[in-house]
$ cat upload12.pdb   # PDB, C-alpha atoms
ATOM      1  CA  MET L   1      39.924 -37.882  64.897  1.00  0.00           C
ATOM      2  CA  ASP L   2      42.695 -36.494  62.691  1.00  0.00           C
ATOM      3  CA  ALA L   3      43.121 -37.381  58.993  1.00  0.00           C
ATOM      4  CA  LEU L   4      45.922 -39.884  59.628  1.00  0.00           C
ATOM      5  CA  ALA L   5      43.839 -41.787  62.162  1.00  0.00           C
ATOM      6  CA  ALA L   6      40.862 -41.737  59.768  1.00  0.00           C
ATOM      7  CA  ALA L   7      43.015 -43.141  56.964  1.00  0.00           C
ATOM      8  CA  ARG L   8      44.303 -45.906  59.247  1.00  0.00           C
ATOM      9  CA  ALA L   9      40.770 -46.759  60.385  1.00  0.00           C
ATOM     10  CA  GLU L  10      39.678 -47.375  56.778  1.00  0.00           C
ATOM     11  CA  GLN L  11      42.379 -49.952  56.056  1.00  0.00           C
ATOM     12  CA  ILE L  12      40.861 -53.389  55.532  1.00  0.00           C
ATOM     13  CA  PRO L  13      42.978 -56.545  55.952  1.00  0.00           C
ATOM     14  CA  ILE L  14      43.312 -58.518  52.700  1.00  0.00           C
ATOM     15  CA  LYS L  15      44.929 -61.662  51.355  1.00  0.00           C
ATOM     16  CA  ILE L  16      46.857 -61.114  48.123  1.00  0.00           C
ATOM     17  CA  GLU L  17      47.677 -63.764  45.511  1.00  0.00           C
ATOM     18  CA  LEU L  18      50.277 -62.336  43.132  1.00  0.00           C
ATOM     19  CA  THR L  19      51.429 -64.083  39.957  1.00  0.00           C
ATOM     20  CA  THR L  20      54.079 -62.586  37.685  1.00  0.00           C
ATOM     21  CA  LYS L  21      55.116 -64.116  34.357  1.00  0.00           C
ATOM     22  CA  ILE L  22      58.206 -62.721  32.666  1.00  0.00           C
ATOM     23  CA  GLN L  23      58.834 -63.460  28.983  1.00  0.00           C
ATOM     24  CA  HIS L  24      62.362 -62.604  27.826  1.00  0.00           C
ATOM     25  CA  ASP L  25      63.617 -63.826  24.458  1.00  0.00           C
ATOM     26  CA  ASN L  26      62.483 -67.484  24.368  1.00  0.00           C
ATOM     27  CA  GLU L  27      62.425 -67.988  28.123  1.00  0.00           C
ATOM     28  CA  GLN L  28      59.549 -67.598  30.571  1.00  0.00           C
ATOM     29  CA  GLU L  29      59.726 -67.385  34.347  1.00  0.00           C
ATOM     30  CA  THR L  30      56.767 -67.433  36.729  1.00  0.00           C
ATOM     31  CA  TYR L  31      56.772 -66.091  40.275  1.00  0.00           C
ATOM     32  CA  GLU L  32      53.966 -66.588  42.768  1.00  0.00           C
ATOM     33  CA  LEU L  33      53.498 -64.859  46.094  1.00  0.00           C
ATOM     34  CA  THR L  34      50.819 -65.018  48.769  1.00  0.00           C
ATOM     35  CA  ALA L  35      50.872 -62.080  51.157  1.00  0.00           C
ATOM     36  CA  PHE L  36      48.648 -60.439  53.727  1.00  0.00           C
ATOM     37  CA  GLY L  37      48.248 -56.692  53.561  1.00  0.00           C
ATOM     38  CA  GLN L  38      45.799 -53.804  53.621  1.00  0.00           C
ATOM     39  CA  TYR L  39      43.294 -52.348  51.190  1.00  0.00           C
ATOM     40  CA  TYR L  40      42.111 -48.755  51.322  1.00  0.00           C
ATOM     41  CA  GLN L  41      40.591 -46.104  49.099  1.00  0.00           C
ATOM     42  CA  LYS L  42      41.585 -42.444  48.887  1.00  0.00           C
ATOM     43  CA  ASP L  43      40.756 -39.768  46.296  1.00  0.00           C
ATOM     44  CA  ASN L  44      39.141 -42.158  43.767  1.00  0.00           C
ATOM     45  CA  ALA L  45      42.127 -44.516  43.911  1.00  0.00           C
ATOM     46  CA  VAL L  46      42.454 -48.035  45.321  1.00  0.00           C
ATOM     47  CA  TYR L  47      45.579 -48.876  47.316  1.00  0.00           C
ATOM     48  CA  LEU L  48      46.962 -52.343  48.054  1.00  0.00           C
ATOM     49  CA  LYS L  49      49.765 -52.482  50.644  1.00  0.00           C
ATOM     50  CA  TYR L  50      51.820 -55.553  51.476  1.00  0.00           C
ATOM     51  CA  ASP L  51      55.287 -56.655  52.557  1.00  0.00           C
ATOM     52  CA  GLU L  52      57.480 -59.199  50.830  1.00  0.00           C
ATOM     53  CA  VAL L  53      60.359 -60.862  52.684  1.00  0.00           C
ATOM     54  CA  GLN L  54      63.385 -61.436  50.429  1.00  0.00           C
ATOM     55  CA  GLU L  55      66.971 -62.483  51.046  1.00  0.00           C
ATOM     56  CA  GLU L  56      68.048 -58.823  51.076  1.00  0.00           C
ATOM     57  CA  GLY L  57      65.375 -57.931  53.642  1.00  0.00           C
ATOM     58  CA  THR L  58      61.742 -56.809  53.722  1.00  0.00           C
ATOM     59  CA  VAL L  59      60.306 -54.945  50.736  1.00  0.00           C
ATOM     60  CA  HIS L  60      57.282 -52.720  51.391  1.00  0.00           C
ATOM     61  CA  THR L  61      55.017 -52.494  48.339  1.00  0.00           C
ATOM     62  CA  ILE L  62      52.153 -50.120  47.586  1.00  0.00           C
ATOM     63  CA  VAL L  63      50.070 -50.580  44.438  1.00  0.00           C
ATOM     64  CA  LYS L  64      47.936 -47.547  43.549  1.00  0.00           C
ATOM     65  CA  ILE L  65      45.206 -48.097  40.953  1.00  0.00           C
ATOM     66  CA  SER L  66      43.288 -45.139  39.565  1.00  0.00           C
ATOM     67  CA  GLY L  67      41.194 -45.585  36.416  1.00  0.00           C
ATOM     68  CA  ASN L  68      43.497 -46.507  33.523  1.00  0.00           C
ATOM     69  CA  GLU L  69      46.648 -45.664  35.498  1.00  0.00           C
ATOM     70  CA  ALA L  70      48.626 -47.466  38.177  1.00  0.00           C
ATOM     71  CA  VAL L  71      51.805 -46.970  40.194  1.00  0.00           C
ATOM     72  CA  ILE L  72      53.884 -49.562  42.045  1.00  0.00           C
ATOM     73  CA  LEU L  73      56.081 -48.156  44.808  1.00  0.00           C
ATOM     74  CA  ARG L  74      58.561 -50.390  46.559  1.00  0.00           C
ATOM     75  CA  SER L  75      60.700 -49.357  49.523  1.00  0.00           C
ATOM     76  CA  GLY L  76      62.843 -50.988  52.172  1.00  0.00           C
ATOM     77  CA  ALA L  77      65.413 -53.546  50.973  1.00  0.00           C
ATOM     78  CA  LEU L  78      64.561 -52.583  47.384  1.00  0.00           C
ATOM     79  CA  LYS L  79      63.556 -49.133  46.110  1.00  0.00           C
ATOM     80  CA  MET L  80      61.587 -48.827  42.894  1.00  0.00           C
ATOM     81  CA  ARG L  81      58.918 -46.616  41.347  1.00  0.00           C
ATOM     82  CA  LEU L  82      57.087 -47.826  38.260  1.00  0.00           C
ATOM     83  CA  SER L  83      54.132 -46.056  36.632  1.00  0.00           C
ATOM     84  CA  PHE L  84      51.686 -47.532  34.139  1.00  0.00           C
ATOM     85  CA  LEU L  85      49.301 -45.892  31.677  1.00  0.00           C
ATOM     86  CA  ASN L  86      47.503 -48.006  29.100  1.00  0.00           C
ATOM     87  CA  GLY L  87      49.089 -47.466  25.669  1.00  0.00           C
ATOM     88  CA  LYS L  88      51.680 -44.895  26.804  1.00  0.00           C
ATOM     89  CA  PRO L  89      55.311 -45.273  27.920  1.00  0.00           C
ATOM     90  CA  LYS L  90      55.956 -44.077  31.485  1.00  0.00           C
ATOM     91  CA  ASN L  91      59.267 -43.340  33.216  1.00  0.00           C
ATOM     92  CA  GLY L  92      60.277 -45.059  36.423  1.00  0.00           C
ATOM     93  CA  SER L  93      63.363 -45.707  38.541  1.00  0.00           C
ATOM     94  CA  TYR L  94      65.126 -48.494  40.385  1.00  0.00           C
ATOM     95  CA  GLU L  95      67.739 -47.792  43.048  1.00  0.00           C
ATOM     96  CA  SER L  96      70.570 -50.283  42.845  1.00  0.00           C
ATOM     97  CA  PRO L  97      73.868 -50.491  44.769  1.00  0.00           C
ATOM     98  CA  TYR L  98      75.432 -48.948  41.624  1.00  0.00           C
ATOM     99  CA  GLY L  99      73.120 -45.929  41.509  1.00  0.00           C
ATOM    100  CA  THR L 100      69.652 -45.113  40.244  1.00  0.00           C
ATOM    101  CA  LEU L 101      68.703 -46.901  37.033  1.00  0.00           C
ATOM    102  CA  MET L 102      66.078 -45.493  34.693  1.00  0.00           C
ATOM    103  CA  LEU L 103      63.106 -47.681  33.781  1.00  0.00           C
ATOM    104  CA  ILE L 104      60.394 -47.292  31.152  1.00  0.00           C
ATOM    105  CA  SER L 105      57.168 -49.286  31.194  1.00  0.00           C
ATOM    106  CA  LYS L 106      55.159 -49.711  27.987  1.00  0.00           C
ATOM    107  CA  THR L 107      51.740 -50.908  29.151  1.00  0.00           C
ATOM    108  CA  SER L 108      49.621 -52.970  26.753  1.00  0.00           C
ATOM    109  CA  GLU L 109      46.986 -54.090  29.285  1.00  0.00           C
ATOM    110  CA  LEU L 110      45.747 -52.580  32.534  1.00  0.00           C
ATOM    111  CA  LYS L 111      42.488 -53.867  34.037  1.00  0.00           C
ATOM    112  CA  HIS L 112      41.016 -53.566  37.496  1.00  0.00           C
ATOM    113  CA  SER L 113      37.757 -55.239  38.473  1.00  0.00           C
ATOM    114  CA  GLN L 114      36.023 -55.525  41.820  1.00  0.00           C
ATOM    115  CA  GLU L 115      33.194 -57.728  43.052  1.00  0.00           C
ATOM    116  CA  LYS L 116      29.892 -55.887  43.255  1.00  0.00           C
ATOM    117  CA  GLU L 117      28.793 -57.541  46.514  1.00  0.00           C
ATOM    118  CA  LYS L 118      32.179 -57.231  48.224  1.00  0.00           C
ATOM    119  CA  ALA L 119      33.884 -54.101  46.906  1.00  0.00           C
ATOM    120  CA  VAL L 120      37.099 -55.069  48.682  1.00  0.00           C
ATOM    121  CA  ASP L 121      37.528 -58.283  46.640  1.00  0.00           C
ATOM    122  CA  GLY L 122      39.046 -57.741  43.231  1.00  0.00           C
ATOM    123  CA  ARG L 123      41.590 -58.425  40.546  1.00  0.00           C
ATOM    124  CA  PHE L 124      44.271 -56.205  39.036  1.00  0.00           C
ATOM    125  CA  GLN L 125      45.824 -57.300  35.731  1.00  0.00           C
ATOM    126  CA  LEU L 126      48.825 -55.674  34.125  1.00  0.00           C
ATOM    127  CA  LYS L 127      50.877 -56.489  31.023  1.00  0.00           C
ATOM    128  CA  TYR L 128      53.869 -54.351  30.110  1.00  0.00           C
ATOM    129  CA  GLN L 129      57.274 -54.315  28.475  1.00  0.00           C
ATOM    130  CA  LEU L 130      59.997 -53.231  30.899  1.00  0.00           C
ATOM    131  CA  ILE L 131      62.939 -51.268  29.548  1.00  0.00           C
ATOM    132  CA  LEU L 132      65.997 -50.823  31.779  1.00  0.00           C
ATOM    133  CA  GLN L 133      68.574 -48.215  30.743  1.00  0.00           C
ATOM    134  CA  GLY L 134      67.336 -48.430  27.117  1.00  0.00           C
ATOM    135  CA  SER L 135      67.256 -52.260  26.804  1.00  0.00           C
ATOM    136  CA  SER L 136      64.169 -54.466  27.050  1.00  0.00           C
ATOM    137  CA  VAL L 137      64.359 -56.866  29.998  1.00  0.00           C
ATOM    138  CA  GLY L 138      61.139 -58.646  29.113  1.00  0.00           C
ATOM    139  CA  VAL L 139      57.373 -58.566  28.916  1.00  0.00           C
ATOM    140  CA  TYR L 140      55.745 -58.825  32.337  1.00  0.00           C
ATOM    141  CA  GLU L 141      52.250 -60.150  33.021  1.00  0.00           C
ATOM    142  CA  MET L 142      51.152 -59.465  36.554  1.00  0.00           C
ATOM    143  CA  ASN L 143      47.900 -60.585  38.192  1.00  0.00           C
ATOM    144  CA  ILE L 144      46.954 -59.566  41.708  1.00  0.00           C
ATOM    145  CA  ASP L 145      43.876 -61.218  43.190  1.00  0.00           C
ATOM    146  CA  TYR L 146      42.843 -59.822  46.555  1.00  0.00           C
ATOM    147  CA  LYS L 147      40.138 -60.739  49.033  1.00  0.00           C
ATOM    148  CA  GLU L 148      39.061 -59.362  52.355  1.00  0.00           C
ATOM    149  CA  GLU L 149      40.766 -61.407  55.055  1.00  0.00           C
ATOM    150  CA  GLN L 150      38.382 -62.549  57.764  1.00  0.00           C
ATOM    151  CA  GLU L 151      39.627 -62.547  61.325  1.00  0.00           C
ATOM    152  CA  ARG L 152      42.079 -65.415  61.735  1.00  0.00           C
ATOM    153  CA  LEU L 153      41.443 -67.386  64.902  1.00  0.00           C
TER     154      LEU L 153
END

$ encode --input "upload12.pdb" --output "structure tokens"
Amino acid sequence: MDALAAARAEQIPIKIELTTKIQHDNEQETYELTAFGQYYQKDNAVYLKYDEVQEEGTVHTIVKISGNEAVILRSGALKMRLSFLNGKPKNGSYESPYGTLMLISKTSELKHSQEKEKAVDGRFQLKYQLILQGSSVGVYEMNIDYKEEQERL
């Protein structure tokens, strides 16, 4: 079996509950999403993969969590790369119809915990300030709860 087939074989179906709260000035917005995706591990990192259907089309998202660092990669109808490192600003990018916009994330909280009995079940928590082209667009609090998805009948 080649490496690609081995990587595919290790993907475990999961259910993802994603909550994002955005605080900007005196306003707060909350977004919730339930998605089904895959969980896999590679080189001491945990990967969560899922698709999100939006008006513009389908967005493919990969969340990579490795120790005190994380990366969110989005492709498809929306292209974005955002890196997170606790306590340090990280550069990112967002491709818009007007060109590539530069992002900076300033992470104040990054936690990842997994159940001991079921290593696939876990929670990823992230809190960061997002800066777009030099201006703050808000403080984001993101929680991803994921559980192994049993066979649906």

$ resolve_selection --input "upload12.pdb" --expression "the PyMOL selection byres ((chain L and resi 33) around 10)" --output "PDB file with C-alpha atoms, in the frame of the given file"
ATOM      1  CA  ILE L  16      46.857 -61.114  48.123  1.00  0.00           C
ATOM      2  CA  GLU L  17      47.677 -63.764  45.511  1.00  0.00           C
ATOM      3  CA  LEU L  18      50.277 -62.336  43.132  1.00  0.00           C
ATOM      4  CA  THR L  19      51.429 -64.083  39.957  1.00  0.00           C
ATOM      5  CA  THR L  20      54.079 -62.586  37.685  1.00  0.00           C
ATOM      6  CA  TYR L  31      56.772 -66.091  40.275  1.00  0.00           C
ATOM      7  CA  GLU L  32      53.966 -66.588  42.768  1.00  0.00           C
ATOM      8  CA  THR L  34      50.819 -65.018  48.769  1.00  0.00           C
ATOM      9  CA  ALA L  35      50.872 -62.080  51.157  1.00  0.00           C
ATOM     10  CA  GLU L  52      57.480 -59.199  50.830  1.00  0.00           C
ATOM     11  CA  ILE L 144      46.954 -59.566  41.708  1.00  0.00           C
TER      12      ILE L 144
END

$ resolve_selection --input "upload12.pdb" --expression "the PyMOL selection byres ((chain L and resi 75) around 10)" --output "PyMOL selection string"
chain L and resi 51+58-62+73-74+76-81+95

$ resolve_selection --input "upload12.pdb" --expression "the PyMOL selection byres ((chain L and resi 132) around 8)" --output "list in words"
Leu101, Met102, Leu103, Ile104, Leu130, Ile131, Gln133, Gly134, Ser135, Ser136 and Val137 of chain L

$ residues_around --input "upload12.pdb" --residues "Met142 (chain L)" --least-positions-apart "4" --cutoff "12 Å" --atoms "only C-alpha atoms" --output "PDB file with C-alpha atoms, in the frame of the given file"
ATOM      1  CA  GLU L  17      47.677 -63.764  45.511  1.00  0.00           C
ATOM      2  CA  LEU L  18      50.277 -62.336  43.132  1.00  0.00           C
ATOM      3  CA  THR L  19      51.429 -64.083  39.957  1.00  0.00           C
ATOM      4  CA  THR L  20      54.079 -62.586  37.685  1.00  0.00           C
ATOM      5  CA  LYS L  21      55.116 -64.116  34.357  1.00  0.00           C
ATOM      6  CA  ILE L  22      58.206 -62.721  32.666  1.00  0.00           C
ATOM      7  CA  GLN L  23      58.834 -63.460  28.983  1.00  0.00           C
ATOM      8  CA  GLU L  29      59.726 -67.385  34.347  1.00  0.00           C
ATOM      9  CA  THR L  30      56.767 -67.433  36.729  1.00  0.00           C
ATOM     10  CA  TYR L  31      56.772 -66.091  40.275  1.00  0.00           C
ATOM     11  CA  GLU L  32      53.966 -66.588  42.768  1.00  0.00           C
ATOM     12  CA  LEU L  33      53.498 -64.859  46.094  1.00  0.00           C
ATOM     13  CA  VAL L  63      50.070 -50.580  44.438  1.00  0.00           C
ATOM     14  CA  ILE L  72      53.884 -49.562  42.045  1.00  0.00           C
ATOM     15  CA  THR L 107      51.740 -50.908  29.151  1.00  0.00           C
ATOM     16  CA  SER L 108      49.621 -52.970  26.753  1.00  0.00           C
ATOM     17  CA  GLU L 109      46.986 -54.090  29.285  1.00  0.00           C
ATOM     18  CA  LEU L 110      45.747 -52.580  32.534  1.00  0.00           C
ATOM     19  CA  LYS L 111      42.488 -53.867  34.037  1.00  0.00           C
ATOM     20  CA  HIS L 112      41.016 -53.566  37.496  1.00  0.00           C
ATOM     21  CA  ARG L 123      41.590 -58.425  40.546  1.00  0.00           C
ATOM     22  CA  PHE L 124      44.271 -56.205  39.036  1.00  0.00           C
ATOM     23  CA  GLN L 125      45.824 -57.300  35.731  1.00  0.00           C
ATOM     24  CA  LEU L 126      48.825 -55.674  34.125  1.00  0.00           C
ATOM     25  CA  LYS L 127      50.877 -56.489  31.023  1.00  0.00           C
ATOM     26  CA  TYR L 128      53.869 -54.351  30.110  1.00  0.00           C
ATOM     27  CA  GLN L 129      57.274 -54.315  28.475  1.00  0.00           C
TER      28      GLN L 129
END

$ atom_distance --input "upload12.pdb" --atom1 "CA of Glu148 (chain L)" --atom2 "CA of Ala45 (chain L)"
17.4 Å

$ closest_residue --input "upload12.pdb" --among "L:Phe84, L:Tyr140, L:Tyr40, L:Tyr94" --to "Gln28 (chain L)" --atoms "all atoms listed in the file"
L:Tyr140

$ atom_distance --input "upload12.pdb" --atom1 "CA of Gln114 (chain L)" --atom2 "CA of Ser93 (chain L)"
29.2 Å

$ atom_distance --input "upload12.pdb" --atom1 "CA of Glu56 (chain L)" --atom2 "CA of Gln11 (chain L)"
27.6 Å

$ closest_residue --input "upload12.pdb" --among "L:Val120, L:Val71, L:Val53, L:Leu85" --to "Glu10 (chain L)" --atoms "only C-alpha atoms"
L:Val120

$ decode --input "upload12.pdb" --residues "region 114-126 of chain L" --atoms "all heavy atoms" --output "compact mmCIF listing (two decimals), in the first residue's frame"
# COMPACT_ATOMS: atom_id res chain seq x y z
N GLN L 114 -8.04 16.24 24.16
CA GLN L 114 -8.69 15.05 23.60
C GLN L 114 -9.07 14.11 24.74
O GLN L 114 -8.41 14.08 25.77
CB GLN L 114 -7.75 14.34 22.63
CG GLN L 114 -7.55 15.14 21.35
CD GLN L 114 -6.66 14.42 20.37
OE1 GLN L 114 -5.47 14.35 20.55
NE2 GLN L 114 -7.26 13.89 19.31
N GLU L 115 -10.16 13.38 24.51
CA GLU L 115 -10.61 12.39 25.50
C GLU L 115 -9.56 11.29 25.61
O GLU L 115 -8.99 10.88 24.61
CB GLU L 115 -11.94 11.77 25.02
CG GLU L 115 -13.04 12.76 24.79
CD GLU L 115 -13.92 12.95 26.00
OE1 GLU L 115 -13.99 12.03 26.83
OE2 GLU L 115 -14.52 14.03 26.11
N LYS L 116 -9.34 10.82 26.81
CA LYS L 116 -8.36 9.74 26.99
C LYS L 116 -8.88 8.42 26.43
O LYS L 116 -8.15 7.68 25.79
CB LYS L 116 -8.01 9.60 28.47
CG LYS L 116 -7.12 10.72 28.96
CD LYS L 116 -6.67 10.51 30.39
CE LYS L 116 -5.69 11.56 30.86
NZ LYS L 116 -6.06 12.92 30.64
N GLU L 117 -10.16 8.12 26.67
CA GLU L 117 -10.71 6.84 26.21
C GLU L 117 -10.88 6.81 24.69
O GLU L 117 -10.65 5.81 24.05
CB GLU L 117 -12.08 6.56 26.86
CG GLU L 117 -12.03 6.41 28.36
CD GLU L 117 -12.00 7.74 29.10
OE1 GLU L 117 -12.68 8.69 28.67
OE2 GLU L 117 -11.28 7.83 30.10
N LYS L 118 -11.33 7.93 24.13
CA LYS L 118 -11.56 8.01 22.69
C LYS L 118 -10.69 9.14 22.16
O LYS L 118 -11.10 10.30 22.16
CB LYS L 118 -13.03 8.29 22.37
CG LYS L 118 -13.96 7.15 22.73
CD LYS L 118 -15.35 7.52 22.30
CE LYS L 118 -15.77 6.65 21.15
NZ LYS L 118 -17.09 6.97 20.64
N ALA L 119 -9.50 8.82 21.72
CA ALA L 119 -8.54 9.84 21.29
C ALA L 119 -9.06 10.70 20.15
O ALA L 119 -8.59 11.81 19.93
CB ALA L 119 -7.22 9.19 20.89
N VAL L 120 -10.04 10.19 19.42
CA VAL L 120 -10.56 10.97 18.29
C VAL L 120 -11.44 12.12 18.78
O VAL L 120 -11.49 13.17 18.16
CB VAL L 120 -11.36 10.04 17.33
CG1 VAL L 120 -12.08 10.84 16.27
CG2 VAL L 120 -10.42 9.05 16.70
N ASP L 121 -12.13 11.95 19.91
CA ASP L 121 -13.02 13.00 20.41
C ASP L 121 -12.20 14.09 21.10
O ASP L 121 -11.32 13.79 21.91
CB ASP L 121 -14.02 12.41 21.42
CG ASP L 121 -14.97 11.41 20.77
OD1 ASP L 121 -14.78 11.11 19.57
OD2 ASP L 121 -15.89 10.95 21.44
N GLY L 122 -12.52 15.35 20.78
CA GLY L 122 -11.74 16.41 21.39
C GLY L 122 -12.35 17.78 21.21
O GLY L 122 -13.45 17.94 20.68
N ARG L 123 -11.59 18.77 21.70
CA ARG L 123 -12.01 20.16 21.62
C ARG L 123 -10.80 21.02 21.31
O ARG L 123 -9.74 20.85 21.89
CB ARG L 123 -12.63 20.59 22.93
CG ARG L 123 -12.87 22.10 23.00
CD ARG L 123 -13.62 22.46 24.24
NE ARG L 123 -14.98 22.77 23.81
CZ ARG L 123 -15.76 23.65 24.41
NH1 ARG L 123 -15.37 24.23 25.51
NH2 ARG L 123 -16.95 23.90 23.94
N PHE L 124 -10.99 21.94 20.36
CA PHE L 124 -9.96 22.90 19.99
C PHE L 124 -10.51 24.29 20.27
O PHE L 124 -11.58 24.63 19.77
CB PHE L 124 -9.59 22.72 18.51
CG PHE L 124 -8.60 23.73 18.01
CD1 PHE L 124 -7.36 23.87 18.61
CD2 PHE L 124 -8.90 24.52 16.93
CE1 PHE L 124 -6.44 24.79 18.15
CE2 PHE L 124 -8.00 25.46 16.45
CZ PHE L 124 -6.76 25.59 17.07
N GLN L 125 -9.80 25.07 21.09
CA GLN L 125 -10.24 26.42 21.44
C GLN L 125 -9.19 27.43 21.00
O GLN L 125 -7.99 27.21 21.21
CB GLN L 125 -10.44 26.54 22.95
CG GLN L 125 -11.54 25.66 23.48
CD GLN L 125 -11.51 25.61 24.99
OE1 GLN L 125 -10.78 24.83 25.57
NE2 GLN L 125 -12.31 26.45 25.62
N LEU L 126 -9.67 28.52 20.42
CA LEU L 126 -8.77 29.51 19.86
C LEU L 126 -9.36 30.89 20.13
O LEU L 126 -10.56 31.11 19.94
CB LEU L 126 -8.68 29.26 18.35
CG LEU L 126 -7.65 29.96 17.51
CD1 LEU L 126 -6.24 29.69 18.01
CD2 LEU L 126 -7.77 29.48 16.08
